[in-house]
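Asks: Structure supplied as upload-v6.cif; contents: mmCIF, C-alpha atoms.
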data_upload
#
loop_
_atom_site.label_atom_id
_atom_site.label_comp_id
_atom_site.auth_asym_id
_atom_site.auth_seq_id
_atom_site.Cartn_x
_atom_site.Cartn_y
_atom_site.Cartn_z
CA MET A 79 30.80 2.84 21.75
CA ASP A 80 32.11 -0.49 20.47
CA THR A 81 31.69 -0.19 16.69
CA SER A 82 33.43 -3.46 15.85
CA LEU A 83 31.97 -6.25 13.74
CA LYS A 84 32.61 -8.55 16.69
CA ARG A 85 30.11 -6.56 18.77
CA ALA A 86 27.43 -6.87 16.05
CA GLU A 87 28.04 -10.61 15.84
CA GLN A 88 27.71 -10.91 19.61
CA LEU A 89 24.35 -9.10 19.50
CA ASP A 90 23.15 -11.54 16.86
CA ARG A 91 24.22 -14.55 18.92
CA THR A 92 22.06 -13.40 21.84
CA ASP A 93 19.07 -12.37 19.70
CA PRO A 94 16.10 -14.71 20.33
CA LEU A 95 14.51 -13.70 17.00
CA ALA A 96 17.64 -14.38 14.92
CA PRO A 97 16.43 -17.81 13.69
CA TYR A 98 13.54 -16.21 11.81
CA LYS A 99 15.88 -14.62 9.26
CA LYS A 100 16.40 -17.95 7.53
CA GLU A 101 12.64 -18.11 6.90
CA PHE A 102 12.78 -15.15 4.49
CA TYR A 103 13.96 -14.85 0.92
CA VAL A 104 16.57 -12.09 1.10
CA PRO A 105 17.84 -11.25 -2.41
CA GLU A 106 21.37 -12.51 -2.94
CA ASN A 107 24.19 -10.16 -1.94
CA THR A 108 21.63 -7.72 -0.55
CA ILE A 109 20.92 -6.12 2.81
CA TYR A 110 17.25 -5.17 2.79
CA MET A 111 16.32 -1.99 4.67
CA ASP A 112 13.03 -1.23 2.92
CA GLY A 113 10.60 -3.34 4.93
CA ASN A 114 8.55 -0.26 5.79
CA SER A 115 7.60 -0.05 2.10
CA LEU A 116 7.42 -3.73 1.17
CA GLY A 117 8.30 -6.61 3.44
CA LEU A 118 10.14 -9.67 2.16
CA LEU A 119 8.58 -12.95 1.10
CA SER A 120 8.79 -15.69 3.72
CA VAL A 121 8.79 -19.45 3.24
CA ARG A 122 5.58 -19.64 5.25
CA ALA A 123 3.82 -17.00 3.16
CA GLU A 124 4.89 -18.82 0.02
CA ARG A 125 3.54 -22.07 1.42
CA ALA A 126 0.23 -20.45 2.37
CA VAL A 127 -0.23 -19.22 -1.20
CA ALA A 128 0.63 -22.68 -2.54
CA GLU A 129 -1.97 -24.19 -0.21
CA ALA A 130 -4.60 -21.72 -1.42
CA MET A 131 -3.74 -22.57 -5.01
CA GLU A 132 -3.94 -26.27 -4.23
CA SER A 133 -7.35 -25.76 -2.66
CA TRP A 134 -8.49 -24.01 -5.83
CA LYS A 135 -6.98 -26.81 -7.93
CA SER A 136 -8.48 -29.64 -5.86
CA HIS A 137 -11.84 -28.23 -4.85
CA ALA A 138 -12.65 -25.62 -7.51
CA ILE A 139 -15.77 -23.77 -6.35
CA ASP A 140 -16.12 -26.07 -3.35
CA GLY A 141 -13.04 -24.36 -1.92
CA TRP A 142 -15.44 -21.82 -0.46
CA LEU A 143 -16.51 -24.42 2.09
CA LYS A 144 -13.83 -27.13 1.93
CA GLY A 145 -10.15 -27.36 2.73
CA ASP A 146 -8.08 -26.38 5.75
CA HIS A 147 -9.07 -22.73 5.37
CA PRO A 148 -12.40 -22.41 3.55
CA TRP A 149 -12.56 -19.18 1.58
CA PHE A 150 -16.02 -18.22 2.80
CA HIS A 151 -14.59 -17.46 6.25
CA PHE A 152 -11.02 -16.72 5.16
CA SER A 153 -11.08 -12.99 5.87
CA GLU A 154 -12.44 -13.59 9.34
CA THR A 155 -9.85 -16.33 10.03
CA VAL A 156 -6.95 -14.05 9.14
CA ALA A 157 -8.53 -11.10 10.97
CA GLU A 158 -8.76 -13.09 14.18
CA ARG A 159 -5.02 -13.77 13.97
CA THR A 160 -4.31 -10.10 13.28
CA ALA A 161 -6.31 -8.77 16.24
CA PRO A 162 -3.65 -9.37 18.94
CA LEU A 163 -1.16 -7.18 17.08
CA ILE A 164 -3.34 -4.11 17.59
CA GLY A 165 -4.96 -5.04 20.89
CA ALA A 166 -8.38 -5.70 19.38
CA GLU A 167 -11.19 -7.94 20.55
CA SER A 168 -12.56 -10.73 18.39
CA GLY A 169 -14.95 -9.28 15.84
CA GLU A 170 -13.36 -5.80 15.81
CA VAL A 171 -11.06 -6.59 12.87
CA ILE A 172 -11.58 -7.64 9.27
CA VAL A 173 -9.02 -8.17 6.50
CA ALA A 174 -10.41 -6.67 3.32
CA SER A 175 -9.86 -4.29 0.40
CA SER A 176 -7.00 -1.75 0.38
CA THR A 177 -6.05 0.89 2.92
CA THR A 178 -7.55 3.77 0.94
CA VAL A 179 -10.77 1.89 0.18
CA ASN A 180 -11.11 1.05 3.86
CA LEU A 181 -10.44 4.67 4.81
CA HIS A 182 -13.17 5.81 2.42
CA GLN A 183 -15.51 3.21 3.89
CA LEU A 184 -14.90 4.26 7.49
CA VAL A 185 -14.82 8.01 6.97
CA ALA A 186 -18.07 7.73 5.01
CA THR A 187 -19.52 5.86 7.98
CA PHE A 188 -18.18 7.96 10.84
CA PHE A 189 -18.08 11.47 9.35
CA ARG A 190 -21.55 12.89 9.88
CA PRO A 191 -21.34 16.69 9.64
CA GLN A 192 -24.04 18.35 11.73
CA GLY A 193 -24.50 21.93 12.81
CA LYS A 194 -21.12 23.47 13.56
CA ARG A 195 -19.29 20.15 13.37
CA THR A 196 -18.40 20.00 9.69
CA LYS A 197 -14.63 19.66 9.73
CA ILE A 198 -12.10 16.84 9.60
CA LEU A 199 -8.79 17.26 11.40
CA ALA A 200 -5.63 15.69 9.95
CA ASP A 201 -1.96 16.67 9.88
CA ALA A 202 0.22 18.44 7.35
CA LEU A 203 2.75 15.58 7.18
CA ASN A 204 0.23 12.84 6.42
CA PHE A 205 0.58 10.41 3.52
CA PRO A 206 -1.04 11.89 0.37
CA SER A 207 -3.52 9.04 -0.18
CA ASP A 208 -5.15 9.71 3.18
CA ILE A 209 -5.48 13.40 2.37
CA TYR A 210 -6.98 12.63 -1.04
CA ALA A 211 -9.55 10.37 0.59
CA LEU A 212 -10.49 12.98 3.20
CA GLN A 213 -10.83 15.65 0.53
CA SER A 214 -13.08 13.35 -1.49
CA GLN A 215 -15.30 12.59 1.48
CA LEU A 216 -15.73 16.28 2.23
CA GLU A 217 -16.67 16.97 -1.39
CA LEU A 218 -19.20 14.12 -1.31
CA ASN A 219 -20.79 15.90 1.63
CA GLY A 220 -20.91 19.16 -0.32
CA LEU A 221 -18.10 20.71 1.74
CA ALA A 222 -15.06 22.54 0.37
CA PRO A 223 -11.84 20.77 1.45
CA GLU A 224 -9.88 24.01 1.58
CA GLU A 225 -12.22 25.17 4.34
CA HIS A 226 -13.28 21.96 6.08
CA LEU A 227 -10.08 19.91 6.08
CA LEU A 228 -7.83 21.18 8.85
CA ARG A 229 -4.20 20.11 8.76
CA VAL A 230 -2.11 20.60 11.88
CA LYS A 231 1.18 22.16 10.90
CA SER A 232 4.58 20.85 11.89
CA ARG A 233 6.86 23.18 13.81
CA ASP A 234 10.01 21.79 12.19
CA GLY A 235 8.93 19.78 9.13
CA ARG A 236 9.65 16.51 10.95
CA PHE A 237 7.27 16.05 13.84
CA ILE A 238 3.73 16.89 14.88
CA HIS A 239 3.25 17.91 18.51
CA GLU A 240 0.29 16.33 20.25
CA GLU A 241 -0.54 19.59 22.00
CA ASP A 242 -0.83 21.27 18.60
CA ILE A 243 -3.25 18.57 17.45
CA ILE A 244 -5.32 18.86 20.60
CA ALA A 245 -5.42 22.66 20.29
CA GLU A 246 -7.16 22.22 16.92
CA MET A 247 -9.85 19.91 18.35
CA ASN A 248 -12.53 22.56 18.58
CA GLU A 249 -16.33 22.54 18.40
CA GLU A 250 -16.23 22.60 14.58
CA VAL A 251 -14.37 19.28 14.28
CA ALA A 252 -16.44 16.14 13.75
CA LEU A 253 -13.65 13.67 13.02
CA VAL A 254 -9.89 13.32 13.54
CA VAL A 255 -7.82 11.07 11.24
CA LEU A 256 -4.13 10.64 12.05
CA PRO A 257 -1.29 8.25 11.31
CA SER A 258 0.07 6.17 14.14
CA VAL A 259 3.59 6.72 12.77
CA LEU A 260 4.57 9.57 10.45
CA TYR A 261 5.83 7.97 7.26
CA ARG A 262 8.86 10.23 6.78
CA SER A 263 10.25 10.84 10.27
CA GLY A 264 9.03 7.68 11.97
CA GLN A 265 7.48 9.65 14.83
CA LEU A 266 5.07 7.52 16.87
CA LEU A 267 2.12 9.60 18.00
CA ASP A 268 0.66 9.24 21.49
CA ILE A 269 -2.57 7.51 20.46
CA PRO A 270 -4.05 7.05 23.96
CA ARG A 271 -3.57 10.74 24.73
CA LEU A 272 -5.01 11.92 21.41
CA THR A 273 -7.96 9.54 21.61
CA ALA A 274 -8.82 10.65 25.14
CA ALA A 275 -8.58 14.31 24.13
CA ALA A 276 -10.83 13.78 21.10
CA HIS A 277 -13.46 11.95 23.12
CA GLU A 278 -13.42 14.60 25.85
CA ARG A 279 -14.50 17.01 23.11
CA ASN A 280 -17.10 14.64 21.61
CA ILE A 281 -14.98 14.05 18.50
CA LEU A 282 -14.48 10.66 16.86
CA ILE A 283 -10.95 9.55 15.95
CA GLY A 284 -9.54 7.16 13.36
CA ILE A 285 -5.94 5.93 13.01
CA ASP A 286 -3.92 4.92 9.95
CA ALA A 287 -1.60 2.23 11.30
CA CYS A 288 0.20 1.40 8.03
CA HIS A 289 3.62 2.30 9.42
CA SER A 290 3.22 0.67 12.80
CA ILE A 291 1.32 -2.62 12.55
CA GLY A 292 3.79 -5.46 12.83
CA ALA A 293 6.46 -3.20 14.37
CA VAL A 294 4.66 -1.50 17.25
CA PRO A 295 2.10 -3.07 19.62
CA HIS A 296 -1.18 -1.20 19.88
CA HIS A 297 -4.14 -1.33 22.27
CA PHE A 298 -6.90 0.05 20.10
CA HIS A 299 -9.72 -1.58 22.06
CA ASP A 300 -8.57 -0.45 25.50
CA ASP A 301 -7.62 2.99 24.16
CA GLU A 302 -11.14 3.22 22.66
CA VAL A 303 -9.92 4.25 19.22
CA ASP A 304 -13.07 4.51 17.12
CA PHE A 305 -11.64 2.98 13.95
CA ALA A 306 -8.34 2.20 12.24
CA VAL A 307 -7.03 1.13 8.84
CA TRP A 308 -3.71 -0.35 7.69
CA CYS A 309 -1.90 -2.21 4.95
CA ASN A 310 -0.34 -5.62 5.59
CA TYR A 311 2.49 -5.58 3.04
CA LYS A 312 5.02 -3.59 5.07
CA TYR A 313 6.11 -5.07 8.40
CA LEU A 314 3.58 -7.92 8.13
CA ASN A 315 5.10 -9.12 4.86
CA SER A 316 1.88 -10.02 3.02
CA GLY A 317 3.24 -9.18 -0.44
CA PRO A 318 2.78 -6.36 -2.98
CA GLY A 319 -0.79 -5.12 -2.98
CA GLY A 320 -1.70 -7.57 -0.22
CA THR A 321 -5.16 -7.24 1.25
CA ALA A 322 -5.48 -4.51 3.90
CA GLY A 323 -7.30 -4.45 7.23
CA LEU A 324 -9.60 -2.36 9.35
CA PHE A 325 -10.69 -2.06 12.97
CA VAL A 326 -14.02 -0.83 14.31
CA HIS A 327 -14.41 -0.61 18.07
CA GLU A 328 -17.19 -2.82 19.38
CA LYS A 329 -19.02 0.20 20.82
CA HIS A 330 -19.82 1.14 17.20
CA HIS A 331 -20.99 -2.25 16.02
CA ASP A 332 -24.56 -1.05 15.91
CA ARG A 333 -23.63 1.41 13.16
CA ARG A 334 -24.58 0.53 9.62
CA PRO A 335 -21.64 0.83 7.20
CA ALA A 336 -22.05 3.74 4.81
CA LEU A 337 -20.93 1.53 1.92
CA THR A 338 -22.49 -1.90 1.80
CA GLY A 339 -21.60 -4.92 -0.28
CA TRP A 340 -22.41 -8.59 -0.57
CA PHE A 341 -19.60 -9.90 1.62
CA GLY A 342 -20.55 -7.56 4.43
CA SER A 343 -23.70 -9.65 4.85
CA ASP A 344 -24.46 -11.94 7.72
CA LYS A 345 -23.01 -15.27 6.61
CA GLU A 346 -26.24 -17.08 7.42
CA LYS A 347 -28.22 -14.85 5.06
CA GLN A 348 -25.72 -13.96 2.35
CA PHE A 349 -26.89 -16.63 -0.07
CA ASP A 350 -30.57 -15.92 0.48
CA MET A 351 -30.04 -13.37 -2.30
CA GLU A 352 -32.42 -10.89 -0.72
CA HIS A 353 -32.29 -7.21 -1.65
CA THR A 354 -32.36 -6.25 2.02
CA PHE A 355 -28.87 -5.96 3.51
CA THR A 356 -28.42 -7.84 6.79
CA PRO A 357 -24.99 -6.81 8.12
CA ALA A 358 -22.55 -9.30 9.56
CA PRO A 359 -21.81 -8.82 13.24
CA GLY A 360 -18.85 -6.59 14.04
CA ALA A 361 -16.21 -5.37 11.62
CA GLY A 362 -17.14 -8.03 9.08
CA ALA A 363 -20.03 -5.79 8.01
CA TYR A 364 -17.52 -3.39 6.46
CA GLN A 365 -16.46 -5.84 3.74
CA LEU A 366 -17.62 -5.03 0.24
CA GLY A 367 -16.94 -7.43 -2.63
CA THR A 368 -15.63 -10.96 -2.76
CA PRO A 369 -12.43 -11.30 -0.70
CA HIS A 370 -9.07 -11.51 -2.48
CA ILE A 371 -8.08 -15.01 -1.38
CA LEU A 372 -4.73 -15.23 -3.18
CA SER A 373 -3.75 -11.73 -2.00
CA THR A 374 -4.72 -12.56 1.57
CA ALA A 375 -3.16 -16.02 1.80
CA PRO A 376 0.45 -14.82 2.36
CA LEU A 377 -0.68 -13.06 5.52
CA LEU A 378 -1.85 -16.36 6.97
CA GLY A 379 1.68 -17.70 6.77
CA SER A 380 3.36 -14.51 7.90
CA LEU A 381 1.16 -14.16 10.96
CA GLU A 382 2.31 -17.55 12.22
CA MET A 383 5.72 -16.05 12.95
CA PHE A 384 4.29 -13.01 14.71
CA HIS A 385 2.16 -15.32 16.84
CA GLU A 386 5.22 -17.37 17.79
CA ALA A 387 7.59 -14.46 18.38
CA GLY A 388 5.08 -12.11 20.02
CA ILE A 389 4.66 -8.49 19.05
CA ASP A 390 6.33 -7.30 22.27
CA ALA A 391 9.52 -9.21 21.39
CA VAL A 392 9.35 -7.84 17.85
CA ARG A 393 9.07 -4.31 19.23
CA LYS A 394 11.96 -4.85 21.64
CA LYS A 395 14.28 -5.97 18.84
CA SER A 396 13.05 -3.26 16.47
CA LEU A 397 13.98 -0.59 19.02
CA ALA A 398 17.33 -2.25 19.65
CA LEU A 399 18.11 -2.32 15.92
CA THR A 400 17.18 1.31 15.32
CA ARG A 401 19.04 2.42 18.46
CA TYR A 402 22.12 0.50 17.35
CA MET A 403 21.87 2.03 13.88
CA MET A 404 21.64 5.57 15.25
CA ASP A 405 24.57 5.01 17.61
CA LEU A 406 26.74 3.63 14.81
CA PHE A 407 25.71 6.48 12.52
CA GLU A 408 26.65 9.15 15.04
CA THR A 409 29.98 7.46 15.73
CA GLU A 410 30.99 6.62 12.17
CA ILE A 411 29.48 9.26 9.87
CA GLU A 412 31.25 12.61 9.91
CA ASP A 413 29.40 14.41 7.10
CA GLU A 414 27.87 17.46 8.80
CA SER A 415 25.19 17.72 6.11
CA PHE A 416 23.53 14.64 7.63
CA ALA A 417 20.93 14.79 10.37
CA ILE A 418 18.89 12.16 12.17
CA GLY A 419 15.29 13.14 11.52
CA ASN A 420 13.48 10.57 13.67
CA PRO A 421 12.72 10.70 17.41
CA ARG A 422 15.62 9.57 19.61
CA ILE A 423 13.35 8.54 22.50
CA ASP A 424 12.34 4.90 22.09
CA GLU A 425 8.69 5.29 22.99
CA ARG A 426 8.28 8.00 20.36
CA ARG A 427 9.94 6.11 17.49
CA GLY A 428 8.34 3.70 15.04
CA GLY A 429 10.27 1.04 13.16
CA HIS A 430 12.62 3.01 10.92
CA VAL A 431 15.50 5.46 11.04
CA CYS A 432 15.19 8.70 9.09
CA LEU A 433 18.40 10.26 7.80
CA GLU A 434 18.22 13.68 6.18
CA HIS A 435 20.73 14.89 3.60
CA PRO A 436 20.54 17.31 0.64
CA GLU A 437 21.81 14.49 -1.62
CA ALA A 438 19.47 11.87 -0.22
CA ALA A 439 18.22 10.64 -3.61
CA SER A 440 21.71 10.05 -5.00
CA ILE A 441 22.89 8.50 -1.72
CA CYS A 442 20.03 6.00 -1.91
CA LYS A 443 21.13 5.07 -5.44
CA ALA A 444 24.70 4.62 -4.27
CA LEU A 445 23.54 2.41 -1.41
CA LYS A 446 21.61 0.23 -3.87
CA ALA A 447 24.68 -0.02 -6.08
CA ASN A 448 26.48 -1.36 -3.00
CA GLY A 449 23.83 -3.96 -2.20
CA ILE A 450 21.93 -2.00 0.44
CA VAL A 451 18.23 -1.38 -0.27
CA PRO A 452 17.02 1.85 1.41
CA ASP A 453 14.00 4.02 0.72
CA PHE A 454 13.96 7.65 -0.43
CA ARG A 455 11.24 10.11 0.47
CA ALA A 456 11.22 13.60 -1.00
CA PRO A 457 12.71 16.00 -0.54
CA ASP A 458 15.72 14.81 1.49
CA VAL A 459 14.94 11.67 3.51
CA ILE A 460 16.68 8.29 3.50
CA ARG A 461 14.56 5.76 5.37
CA LEU A 462 16.26 2.66 6.75
CA ALA A 463 13.93 0.07 8.24
CA PRO A 464 15.62 -2.87 9.96
CA ALA A 465 12.75 -5.36 10.27
CA ALA A 466 12.97 -7.44 13.43
CA LEU A 467 12.27 -10.83 11.86
CA TYR A 468 14.82 -10.71 9.06
CA THR A 469 17.39 -8.00 9.83
CA SER A 470 20.48 -8.81 11.86
CA PHE A 471 22.73 -6.51 13.83
CA VAL A 472 25.49 -7.38 11.38
CA ASP A 473 23.20 -6.12 8.60
CA VAL A 474 22.92 -2.80 10.43
CA TRP A 475 26.68 -2.67 10.98
CA GLN A 476 27.33 -3.34 7.30
CA THR A 477 24.77 -0.71 6.23
CA ILE A 478 26.44 2.07 8.21
CA ARG A 479 29.91 0.91 7.19
CA THR A 480 28.82 1.04 3.53
CA LEU A 481 27.28 4.49 3.99
CA LYS A 482 30.56 5.67 5.51
CA LYS A 483 32.48 4.36 2.47
CA ILE A 484 30.07 6.04 0.05
CA MET A 485 30.40 9.42 1.73
CA ARG A 486 34.17 9.15 2.14
CA ASN A 487 34.58 8.39 -1.58
CA SER A 488 31.76 10.71 -2.74
CA GLU A 489 30.21 7.79 -4.61
CA GLN A 490 26.81 9.48 -4.57
CA ARG A 491 28.13 12.07 -7.03
CA SER A 492 28.01 9.40 -9.75
CA PHE A 493 24.21 9.40 -9.56
CA ALA A 494 21.61 12.07 -10.32
CA ASN A 495 20.12 13.54 -7.16
CA VAL A 496 16.56 13.00 -8.37
CA ARG A 497 14.11 10.34 -7.35
CA ASP A 498 13.36 7.31 -9.48
CA PRO A 499 9.74 6.82 -10.71
CA ILE A 500 9.17 4.71 -7.59
CA ALA A 501 11.45 6.13 -4.93
#
Give the structure from this file in structure tokens form.

Replies:
Amino acid sequence: MDTSLKRAEQLDRTDPLAPYKKEFYVPENTIYMDGNSLGLLSVRAERAVAEAMESWKSHAIDGWLKGDHPWFHFSETVAERTAPLIGAESGEVIVASSTTVNLHQLVATFFRPQGKRTKILADALNFPSDIYALQSQLELNGLAPEEHLLRVKSRDGRFIHEEDIIAEMNEEVALVVLPSVLYRSGQLLDIPRLTAAAHERNILIGIDACHSIGAVPHHFHDDEVDFAVWCNYKYLNSGPGGTAGLFVHEKHHDRRPALTGWFGSDKEKQFDMEHTFTPAPGAGAYQLGTPHILSTAPLLGSLEMFHEAGIDAVRKKSLALTRYMMDLFETEIEDESFAIGNPRIDERRGGHVCLEHPEAASICKALKANGIVPDFRAPDVIRLAPAALYTSFVDVWQTIRTLKKIMRNSEQRSFANVRDPIA
């Protein structure tokens, strides 16, 4: 393999997405590899927030109906622009609330324990917030989580095998909730296969797409996924705590949301102030309170770039970046304590590389001290996420070269091998 800087520079020269890097605020003297936790601010997102602030300044309360993007329909406007990223039809998506709130909303709506079917199926490697939400929903239904929440075990602590998930889809399961991409290892689950298997067994299925939206194209409508949730502040760069999103397949649009709120009303009736809830058509019915305009506005700007670039081109570069990173790592890093903990096969890998090492926490600190921003996940994972719109091949080359220097000089030994309060 050609591991030269010249090769990385050549890859950047032929990269059609390279011009987008200049649209992002990359901290000075920093290579940012943490976009799967928090994406960077873009000039367009900043401008979108400024425009929302100007609308507030100029129109005050009339901003709900005036301006380029009236707030009354703002969530729907942004949702319509999000839909192509997950293969959704118009009306199947709404931008609202947070991921966990949306998961509570949808599980409360779709989990209807009856007869034998009283269990929810998840996986043992899932993100804790999802598990907390599922446990809560079971308790609200008078069911003990230790008995009614099934978690498919991993064979190796890294991956979940689809056949193991399917084997657990028995006549006692009412609902399956799975991540699209496992947050530690970056494994991309086979959503079409799992959805088809669930439906063959009369089980509903929901997907947490936090670690895939904006990095991996999805086809939730055609795959007939029942519902999905996600955050927008990772690969979609909507900012810290940015408003989340949800998907409800149109075949379920006759369902009444379990949790109802004012902004889930039909827009024509919302200000009638009646005490009878008339749901909005489609996913809009799943909104609760007043939308977070200033927390949603950055997404409007960010989505412009995804619309221009196309999610397929983003995915192509993302795979090229992670492949290049793995190849450099295997060529340059000689420490036998390291292991690549993510899938090698492109179609099974999300948007980040997972490196495992017993000193992962201290290595992450050493990387930061050298201007590389990684992400640590307990107990031993270094996540490196080269985001397609603002990471160059030279950035990847420099990251691995810096890691090589750290390990050669044992620089990690200068730092405690414990996680920071926010890893």

Asks: Expanded to explicit residues, what is the PyMOL selection byres ((chain A and resi 372) around 10) for this file, as an mmCIF file with C-alpha atoms, keeping the file's coordinate frame?

Replies:
data_model
loop_
_atom_site.group_PDB
_atom_site.id
_atom_site.type_symbol
_atom_site.label_atom_id
_atom_site.label_comp_id
_atom_site.auth_asym_id
_atom_site.auth_seq_id
_atom_site.Cartn_x
_atom_site.Cartn_y
_atom_site.Cartn_z
ATOM 1 C CA ALA A 126 0.230 -20.450 2.370
ATOM 2 C CA VAL A 127 -0.230 -19.220 -1.200
ATOM 3 C CA ALA A 128 0.630 -22.680 -2.540
ATOM 4 C CA GLU A 129 -1.970 -24.190 -0.210
ATOM 5 C CA ALA A 130 -4.600 -21.720 -1.420
ATOM 6 C CA MET A 131 -3.740 -22.570 -5.010
ATOM 7 C CA TRP A 134 -8.490 -24.010 -5.830
ATOM 8 C CA TRP A 149 -12.560 -19.180 1.580
ATOM 9 C CA GLY A 320 -1.700 -7.570 -0.220
ATOM 10 C CA THR A 321 -5.160 -7.240 1.250
ATOM 11 C CA PRO A 369 -12.430 -11.300 -0.700
ATOM 12 C CA HIS A 370 -9.070 -11.510 -2.480
ATOM 13 C CA ILE A 371 -8.080 -15.010 -1.380
ATOM 14 C CA SER A 373 -3.750 -11.730 -2.000
ATOM 15 C CA THR A 374 -4.720 -12.560 1.570
ATOM 16 C CA ALA A 375 -3.160 -16.020 1.800
ATOM 17 C CA PRO A 376 0.450 -14.820 2.360
ATOM 18 C CA LEU A 377 -0.680 -13.060 5.520
#

Asks: How close does each residue of stretch 259-302 of chain A get to stretch 194-204 of chain A, giving the shortest atom pair and distance in Å to one decimal for every residue with an atom at most 9 Å away, counting all atoms listed in the file, sorted by chain and residue number, as a tab-separated table?

Replies:
residue	atom	partner	partner_atom	distance
A:Leu260	CA	A:Asn204	CA	6.8
A:Tyr261	CA	A:Asn204	CA	7.5
A:Arg262	CA	A:Leu203	CA	8.1

Asks: Which is closest to A:Glu170 among A:Ala306, A:Ala438, A:Met247, A:Ala447, if we use all atoms listed in the file?

Replies: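 Once distances to A:Glu170 are computed over all atoms listed in the file, the minimum belongs to A:Ala306.
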
Asks: Determine the residue set returned by the PyMOL selection byres ((chain A and resi 384) around 10) for the present structure, and present it as a short mmCIF file (atom, residue, chain, number, x, y, z; two decimals) with C-alpha atoms, in the frame of the given file.

Replies:
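Once everything was written out, this is result-v7.cif:
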data_model
loop_
_atom_site.label_atom_id
_atom_site.label_comp_id
_atom_site.auth_asym_id
_atom_site.auth_seq_id
_atom_site.Cartn_x
_atom_site.Cartn_y
_atom_site.Cartn_z
CA ARG A 159 -5.02 -13.77 13.97
CA THR A 160 -4.31 -10.10 13.28
CA PRO A 162 -3.65 -9.37 18.94
CA LEU A 163 -1.16 -7.18 17.08
CA GLY A 292 3.79 -5.46 12.83
CA LEU A 314 3.58 -7.92 8.13
CA GLY A 379 1.68 -17.70 6.77
CA SER A 380 3.36 -14.51 7.90
CA LEU A 381 1.16 -14.16 10.96
CA GLU A 382 2.31 -17.55 12.22
CA MET A 383 5.72 -16.05 12.95
CA HIS A 385 2.16 -15.32 16.84
CA GLU A 386 5.22 -17.37 17.79
CA ALA A 387 7.59 -14.46 18.38
CA GLY A 388 5.08 -12.11 20.02
CA ILE A 389 4.66 -8.49 19.05
CA ASP A 390 6.33 -7.30 22.27
CA ALA A 391 9.52 -9.21 21.39
CA VAL A 392 9.35 -7.84 17.85
CA LEU A 467 12.27 -10.83 11.86
#

Asks: Would you mind listing what lies within 8 Å of A:Pro257 as a VMD selection string, with all atoms listed in the file counted and same-chain residues fewer than 4 positions away left out?

Replies: chain A and resid 204 267 285 to 289

Asks: Generate N, CA and C atoms for stretch 200-211 of chain A and emit them as a PDB file, in the coordinates of the input.

Replies:
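Final file, part35.pdb:
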ATOM      1  N   ALA A 200      -6.744  16.581  10.300  1.00  0.00           N
ATOM      2  CA  ALA A 200      -5.630  15.690   9.950  1.00  0.00           C
ATOM      3  C   ALA A 200      -4.330  16.424  10.259  1.00  0.00           C
ATOM      4  N   ASP A 201      -3.232  15.980   9.643  1.00  0.00           N
ATOM      5  CA  ASP A 201      -1.960  16.670   9.880  1.00  0.00           C
ATOM      6  C   ASP A 201      -1.281  16.968   8.561  1.00  0.00           C
ATOM      7  N   ALA A 202      -0.410  17.957   8.571  1.00  0.00           N
ATOM      8  CA  ALA A 202       0.220  18.440   7.350  1.00  0.00           C
ATOM      9  C   ALA A 202       1.307  17.512   6.826  1.00  0.00           C
ATOM     10  N   LEU A 203       1.706  16.502   7.609  1.00  0.00           N
ATOM     11  CA  LEU A 203       2.750  15.580   7.180  1.00  0.00           C
ATOM     12  C   LEU A 203       2.189  14.210   6.793  1.00  0.00           C
ATOM     13  N   ASN A 204       0.872  14.120   6.685  1.00  0.00           N
ATOM     14  CA  ASN A 204       0.230  12.840   6.420  1.00  0.00           C
ATOM     15  C   ASN A 204       0.538  12.329   5.026  1.00  0.00           C
ATOM     16  N   PHE A 205       0.365  11.025   4.833  1.00  0.00           N
ATOM     17  CA  PHE A 205       0.580  10.410   3.520  1.00  0.00           C
ATOM     18  C   PHE A 205      -0.472  10.916   2.545  1.00  0.00           C
ATOM     19  N   PRO A 206      -0.091  11.249   1.308  1.00  0.00           N
ATOM     20  CA  PRO A 206      -1.040  11.890   0.370  1.00  0.00           C
ATOM     21  C   PRO A 206      -2.338  11.127   0.167  1.00  0.00           C
ATOM     22  N   SER A 207      -2.289   9.796   0.104  1.00  0.00           N
ATOM     23  CA  SER A 207      -3.520   9.040  -0.180  1.00  0.00           C
ATOM     24  C   SER A 207      -4.587   9.298   0.857  1.00  0.00           C
ATOM     25  N   ASP A 208      -4.178   9.417   2.124  1.00  0.00           N
ATOM     26  CA  ASP A 208      -5.150   9.710   3.180  1.00  0.00           C
ATOM     27  C   ASP A 208      -5.784  11.080   2.967  1.00  0.00           C
ATOM     28  N   ILE A 209      -4.963  12.053   2.599  1.00  0.00           N
ATOM     29  CA  ILE A 209      -5.480  13.400   2.370  1.00  0.00           C
ATOM     30  C   ILE A 209      -6.436  13.408   1.186  1.00  0.00           C
ATOM     31  N   TYR A 210      -6.085  12.700   0.114  1.00  0.00           N
ATOM     32  CA  TYR A 210      -6.980  12.630  -1.040  1.00  0.00           C
ATOM     33  C   TYR A 210      -8.334  12.057  -0.643  1.00  0.00           C
ATOM     34  N   ALA A 211      -8.306  11.005   0.165  1.00  0.00           N
ATOM     35  CA  ALA A 211      -9.550  10.370   0.590  1.00  0.00           C
ATOM     36  C   ALA A 211     -10.399  11.327   1.434  1.00  0.00           C
TER      37      ALA A 211
END
